[in-house]
$ cat work_18.cif   # mmCIF, N, CA and C atoms
data_protein
loop_
_atom_site.label_atom_id
_atom_site.label_comp_id
_atom_site.auth_asym_id
_atom_site.auth_seq_id
_atom_site.Cartn_x
_atom_site.Cartn_y
_atom_site.Cartn_z
N MET A 48 -37.02 9.36 -10.46
CA MET A 48 -36.14 9.22 -9.31
C MET A 48 -35.97 10.59 -8.67
N SER A 49 -36.16 10.64 -7.38
CA SER A 49 -36.06 11.91 -6.67
C SER A 49 -34.60 12.31 -6.47
N ALA A 50 -34.39 13.56 -6.13
CA ALA A 50 -33.04 14.06 -5.91
C ALA A 50 -32.37 13.35 -4.73
N ARG A 51 -33.15 13.03 -3.71
CA ARG A 51 -32.59 12.33 -2.54
C ARG A 51 -32.13 10.92 -2.91
N GLN A 52 -32.93 10.22 -3.68
CA GLN A 52 -32.56 8.87 -4.11
C GLN A 52 -31.33 8.92 -5.01
N LEU A 53 -31.25 9.92 -5.86
CA LEU A 53 -30.10 10.07 -6.75
C LEU A 53 -28.82 10.33 -5.95
N ARG A 54 -28.90 11.19 -4.93
CA ARG A 54 -27.73 11.46 -4.08
C ARG A 54 -27.31 10.19 -3.34
N LEU A 55 -28.28 9.44 -2.82
CA LEU A 55 -27.98 8.21 -2.10
C LEU A 55 -27.32 7.19 -3.02
N LEU A 56 -27.87 7.02 -4.21
CA LEU A 56 -27.30 6.09 -5.17
C LEU A 56 -25.89 6.51 -5.59
N SER A 57 -25.69 7.81 -5.80
CA SER A 57 -24.36 8.32 -6.17
C SER A 57 -23.36 8.09 -5.05
N GLY A 58 -23.77 8.34 -3.81
CA GLY A 58 -22.88 8.12 -2.67
C GLY A 58 -22.51 6.66 -2.50
N LEU A 59 -23.47 5.77 -2.64
CA LEU A 59 -23.19 4.34 -2.53
C LEU A 59 -22.27 3.86 -3.64
N THR A 60 -22.51 4.34 -4.86
CA THR A 60 -21.65 3.96 -5.98
C THR A 60 -20.22 4.43 -5.76
N LEU A 61 -20.05 5.65 -5.33
CA LEU A 61 -18.72 6.19 -5.06
C LEU A 61 -18.04 5.42 -3.93
N GLY A 62 -18.78 5.12 -2.87
CA GLY A 62 -18.21 4.39 -1.75
C GLY A 62 -17.75 3.00 -2.13
N VAL A 63 -18.56 2.29 -2.90
CA VAL A 63 -18.20 0.93 -3.32
C VAL A 63 -16.99 0.98 -4.25
N THR A 64 -16.95 1.95 -5.14
CA THR A 64 -15.83 2.08 -6.07
C THR A 64 -14.53 2.38 -5.33
N CYS A 65 -14.55 3.31 -4.40
CA CYS A 65 -13.34 3.68 -3.65
C CYS A 65 -12.89 2.56 -2.73
N TRP A 66 -13.81 1.80 -2.15
CA TRP A 66 -13.44 0.72 -1.25
C TRP A 66 -12.63 -0.34 -2.00
N GLY A 67 -13.04 -0.67 -3.19
CA GLY A 67 -12.31 -1.67 -3.97
C GLY A 67 -10.91 -1.21 -4.33
N ALA A 68 -10.76 0.06 -4.67
CA ALA A 68 -9.44 0.59 -5.01
C ALA A 68 -8.52 0.60 -3.80
N ALA A 69 -9.05 0.96 -2.65
CA ALA A 69 -8.23 0.97 -1.43
C ALA A 69 -7.82 -0.44 -1.04
N HIS A 70 -8.71 -1.39 -1.19
CA HIS A 70 -8.40 -2.78 -0.87
C HIS A 70 -7.31 -3.30 -1.81
N GLY A 71 -7.39 -2.94 -3.09
CA GLY A 71 -6.38 -3.36 -4.05
C GLY A 71 -5.02 -2.73 -3.75
N ALA A 72 -5.00 -1.50 -3.30
CA ALA A 72 -3.75 -0.83 -2.99
C ALA A 72 -3.06 -1.47 -1.79
N LEU A 73 -3.83 -1.97 -0.83
CA LEU A 73 -3.24 -2.63 0.33
C LEU A 73 -2.49 -3.88 -0.09
N THR A 74 -3.09 -4.68 -0.94
CA THR A 74 -2.46 -5.94 -1.34
C THR A 74 -1.37 -5.74 -2.37
N ASP A 75 -1.23 -4.54 -2.90
CA ASP A 75 -0.21 -4.28 -3.92
C ASP A 75 1.19 -4.50 -3.37
N ASN A 76 1.46 -4.07 -2.16
CA ASN A 76 2.79 -4.26 -1.57
C ASN A 76 2.90 -5.55 -0.77
N LEU A 77 1.80 -6.10 -0.31
CA LEU A 77 1.88 -7.31 0.50
C LEU A 77 2.17 -8.54 -0.34
N GLY A 78 1.82 -8.51 -1.61
CA GLY A 78 1.99 -9.69 -2.44
C GLY A 78 3.30 -9.76 -3.18
N THR A 79 4.26 -8.95 -2.87
CA THR A 79 5.52 -8.95 -3.60
C THR A 79 6.57 -9.77 -2.86
N SER A 80 7.75 -9.76 -3.38
CA SER A 80 8.85 -10.57 -2.86
C SER A 80 9.32 -10.11 -1.48
N PRO A 81 9.52 -11.04 -0.55
CA PRO A 81 10.09 -10.66 0.75
C PRO A 81 11.48 -10.04 0.62
N LYS A 82 12.25 -10.52 -0.36
CA LYS A 82 13.58 -9.95 -0.58
C LYS A 82 13.46 -8.48 -1.00
N ALA A 83 12.53 -8.20 -1.90
CA ALA A 83 12.34 -6.82 -2.35
C ALA A 83 11.80 -5.95 -1.22
N MET A 84 10.91 -6.50 -0.40
CA MET A 84 10.38 -5.73 0.72
C MET A 84 11.47 -5.39 1.71
N SER A 85 12.41 -6.31 1.93
CA SER A 85 13.50 -6.05 2.87
C SER A 85 14.46 -4.99 2.34
N MET A 86 14.47 -4.81 1.03
CA MET A 86 15.32 -3.79 0.42
C MET A 86 14.56 -2.50 0.14
N GLY A 87 13.36 -2.37 0.68
CA GLY A 87 12.56 -1.17 0.47
C GLY A 87 12.08 -1.04 -0.97
N ASN A 88 11.87 -2.16 -1.65
CA ASN A 88 11.44 -2.21 -3.05
C ASN A 88 12.43 -1.54 -4.00
N ALA A 89 13.69 -1.45 -3.61
CA ALA A 89 14.72 -0.84 -4.45
C ALA A 89 15.37 -1.91 -5.32
N VAL A 90 14.57 -2.62 -6.09
CA VAL A 90 15.08 -3.72 -6.90
C VAL A 90 14.67 -3.57 -8.37
N THR A 91 14.31 -2.38 -8.79
CA THR A 91 13.81 -2.20 -10.15
C THR A 91 14.88 -2.53 -11.19
N ALA A 92 16.12 -2.17 -10.95
CA ALA A 92 17.19 -2.43 -11.91
C ALA A 92 17.58 -3.91 -11.95
N ASP A 93 17.45 -4.61 -10.85
CA ASP A 93 17.83 -6.02 -10.79
C ASP A 93 16.75 -6.79 -10.01
N PRO A 94 15.60 -7.02 -10.64
CA PRO A 94 14.49 -7.66 -9.93
C PRO A 94 14.80 -9.11 -9.58
N PRO A 95 14.28 -9.58 -8.45
CA PRO A 95 14.58 -10.93 -7.98
C PRO A 95 13.73 -12.01 -8.65
N GLY A 96 14.26 -12.65 -9.68
CA GLY A 96 13.63 -13.82 -10.30
C GLY A 96 12.26 -13.56 -10.88
N VAL A 97 11.33 -14.45 -10.56
CA VAL A 97 9.97 -14.39 -11.10
C VAL A 97 9.26 -13.12 -10.67
N ASP A 98 9.64 -12.56 -9.55
CA ASP A 98 9.00 -11.34 -9.06
C ASP A 98 9.29 -10.12 -9.93
N SER A 99 10.12 -10.28 -10.94
CA SER A 99 10.38 -9.15 -11.82
C SER A 99 9.13 -8.76 -12.60
N ILE A 100 8.13 -9.63 -12.67
CA ILE A 100 6.88 -9.27 -13.34
C ILE A 100 6.23 -8.08 -12.65
N HIS A 101 6.48 -7.92 -11.37
CA HIS A 101 5.91 -6.79 -10.62
C HIS A 101 6.78 -5.54 -10.73
N PHE A 102 8.09 -5.69 -10.69
CA PHE A 102 9.00 -4.54 -10.62
C PHE A 102 9.48 -4.08 -11.99
N ASN A 103 9.90 -5.01 -12.84
CA ASN A 103 10.45 -4.67 -14.14
C ASN A 103 10.28 -5.89 -15.05
N PRO A 104 9.22 -5.95 -15.85
CA PRO A 104 8.96 -7.13 -16.67
C PRO A 104 10.10 -7.50 -17.62
N ALA A 105 10.97 -6.56 -17.96
CA ALA A 105 12.10 -6.88 -18.83
C ALA A 105 13.04 -7.87 -18.16
N GLY A 106 13.03 -7.94 -16.84
CA GLY A 106 13.88 -8.88 -16.12
C GLY A 106 13.49 -10.33 -16.35
N LEU A 107 12.28 -10.59 -16.85
CA LEU A 107 11.87 -11.96 -17.14
C LEU A 107 12.71 -12.58 -18.25
N SER A 108 13.29 -11.76 -19.11
CA SER A 108 14.11 -12.29 -20.20
C SER A 108 15.39 -12.93 -19.69
N ARG A 109 15.79 -12.64 -18.47
CA ARG A 109 17.02 -13.23 -17.90
C ARG A 109 16.79 -14.60 -17.30
N LEU A 110 15.53 -15.01 -17.16
CA LEU A 110 15.24 -16.33 -16.60
C LEU A 110 15.49 -17.40 -17.65
N GLU A 111 16.06 -18.51 -17.22
CA GLU A 111 16.35 -19.61 -18.14
C GLU A 111 15.53 -20.83 -17.77
N GLY A 112 14.95 -21.49 -18.78
CA GLY A 112 14.19 -22.72 -18.54
C GLY A 112 12.88 -22.45 -17.84
N ASN A 113 12.31 -23.53 -17.29
CA ASN A 113 11.08 -23.42 -16.51
C ASN A 113 11.42 -23.01 -15.09
N VAL A 114 10.77 -22.00 -14.61
CA VAL A 114 11.07 -21.47 -13.28
C VAL A 114 9.81 -21.49 -12.43
N LYS A 115 9.95 -22.01 -11.23
CA LYS A 115 8.86 -21.97 -10.25
C LYS A 115 9.44 -21.42 -8.97
N GLN A 116 8.74 -20.49 -8.37
CA GLN A 116 9.25 -19.86 -7.16
C GLN A 116 8.11 -19.73 -6.16
N ASP A 117 8.35 -20.16 -4.93
CA ASP A 117 7.38 -20.03 -3.86
C ASP A 117 7.93 -19.07 -2.81
N ASN A 118 7.10 -18.20 -2.32
CA ASN A 118 7.49 -17.25 -1.28
C ASN A 118 6.57 -17.41 -0.09
N PHE A 119 7.11 -17.20 1.07
CA PHE A 119 6.31 -17.21 2.29
C PHE A 119 6.78 -16.06 3.17
N PHE A 120 5.84 -15.29 3.64
CA PHE A 120 6.17 -14.26 4.62
C PHE A 120 4.95 -14.01 5.48
N GLY A 121 5.21 -13.63 6.70
CA GLY A 121 4.13 -13.32 7.64
C GLY A 121 4.02 -11.82 7.83
N ALA A 122 2.82 -11.35 7.96
CA ALA A 122 2.60 -9.92 8.15
C ALA A 122 1.79 -9.69 9.41
N SER A 123 2.17 -8.68 10.15
CA SER A 123 1.43 -8.30 11.34
C SER A 123 0.96 -6.86 11.14
N VAL A 124 -0.33 -6.68 11.06
CA VAL A 124 -0.90 -5.36 10.83
C VAL A 124 -1.52 -4.87 12.13
N ARG A 125 -1.05 -3.74 12.59
CA ARG A 125 -1.58 -3.14 13.82
C ARG A 125 -2.25 -1.82 13.49
N ILE A 126 -3.46 -1.69 13.95
CA ILE A 126 -4.23 -0.49 13.64
C ILE A 126 -4.02 0.58 14.70
N LYS A 127 -3.78 0.20 15.93
CA LYS A 127 -3.65 1.16 17.02
C LYS A 127 -2.30 1.89 16.94
N ALA A 128 -2.33 3.19 17.13
CA ALA A 128 -1.10 3.99 17.10
C ALA A 128 -1.19 5.06 18.18
N ASN A 129 -0.06 5.43 18.73
CA ASN A 129 0.01 6.49 19.73
C ASN A 129 0.85 7.65 19.19
N PHE A 130 0.35 8.85 19.35
CA PHE A 130 1.06 10.03 18.92
C PHE A 130 1.38 10.89 20.14
N HIS A 131 2.60 11.41 20.19
CA HIS A 131 3.01 12.23 21.32
C HIS A 131 3.49 13.58 20.81
N GLN A 132 3.10 14.62 21.50
CA GLN A 132 3.50 15.97 21.13
C GLN A 132 4.82 16.31 21.81
N PRO A 133 5.86 16.67 21.06
CA PRO A 133 7.14 17.01 21.68
C PRO A 133 7.04 18.33 22.45
N GLU A 134 7.96 18.50 23.39
CA GLU A 134 8.00 19.75 24.15
C GLU A 134 8.32 20.91 23.20
N ASN A 135 7.80 22.09 23.54
CA ASN A 135 8.00 23.31 22.74
C ASN A 135 7.49 23.14 21.30
N PHE A 136 6.42 22.40 21.15
CA PHE A 136 5.82 22.20 19.83
C PHE A 136 5.27 23.51 19.31
N ASP A 137 5.73 23.95 18.14
CA ASP A 137 5.24 25.19 17.55
C ASP A 137 5.55 25.15 16.06
N ILE A 138 4.53 25.00 15.25
CA ILE A 138 4.71 25.02 13.81
C ILE A 138 3.75 26.06 13.25
N GLY A 139 4.27 27.16 12.80
CA GLY A 139 3.44 28.20 12.20
C GLY A 139 2.40 28.77 13.13
N GLY A 140 2.69 28.84 14.41
CA GLY A 140 1.75 29.39 15.36
C GLY A 140 0.83 28.36 16.00
N TRP A 141 0.89 27.13 15.56
CA TRP A 141 0.08 26.06 16.16
C TRP A 141 0.80 25.53 17.38
N LYS A 142 0.16 25.63 18.52
CA LYS A 142 0.76 25.18 19.78
C LYS A 142 0.28 23.79 20.18
N GLU A 143 -0.89 23.39 19.70
CA GLU A 143 -1.44 22.10 20.09
C GLU A 143 -1.58 21.21 18.87
N ASP A 144 -1.07 20.01 18.97
CA ASP A 144 -1.20 19.02 17.90
C ASP A 144 -2.56 18.36 18.03
N PRO A 145 -3.42 18.44 17.01
CA PRO A 145 -4.76 17.86 17.14
C PRO A 145 -4.73 16.34 17.26
N LEU A 146 -3.68 15.69 16.81
CA LEU A 146 -3.61 14.24 16.93
C LEU A 146 -3.13 13.80 18.30
N ALA A 147 -2.21 14.56 18.89
CA ALA A 147 -1.65 14.19 20.18
C ALA A 147 -2.50 14.70 21.34
N GLY A 148 -3.26 15.74 21.10
CA GLY A 148 -4.14 16.25 22.16
C GLY A 148 -3.60 17.39 22.92
#
$ encode --input "work_18.cif" --output "structure tokens"
Amino acid sequence: MSARQLRLLSGLTLGVTCWGAAHGALTDNLGTSPKAMSMGNAVTADPPGVDSIHFNPAGLSRLEGNVKQDNFFGASVRIKANFHQPENFDIGGWKEDPLAG
């Protein structure tokens, strides 16, 4: 195997590995409780019902009997964003924000 083929194979392997991890991280917060999301995920001490498996598994011991819980929430993901540079922008000698232009 040539050095070029080895670099290509290494790059593809790294890219595929990182893509899966990033995809998993996105769904990590989307699949949790709407109640917890509305509280900024500040429910570790008192997790909401069955969703305690995500926040604090010890909270499952407080459930009694057979428990079934269904959640529904809608998500709107927007990729487009606008950045604006405030007047008199100056941080450490930088006068122009590269994101705002």
$ atom_distance --input "work_18.cif" --atom1 "atom C of Ser57 in chain A" --atom2 "atom C of Ile126 in chain A"
28.6 Å
$ atom_distance --input "work_18.cif" --atom1 "atom N of Thr79 in chain A" --atom2 "CA of Ala128 in chain A"
24.4 Å
$ resolve_selection --input "work_18.cif" --expression "the PyMOL selection byres (((chain A and resi 83 and name CA) around 12) and name CA)" --output "PyMOL selection string"
chain A and resi 76-82+84-99+101-102+118+120
$ atom_distance --input "work_18.cif" --atom1 "atom N of Met48 in chain A" --atom2 "CA of Leu61 in chain A"
19.3 Å
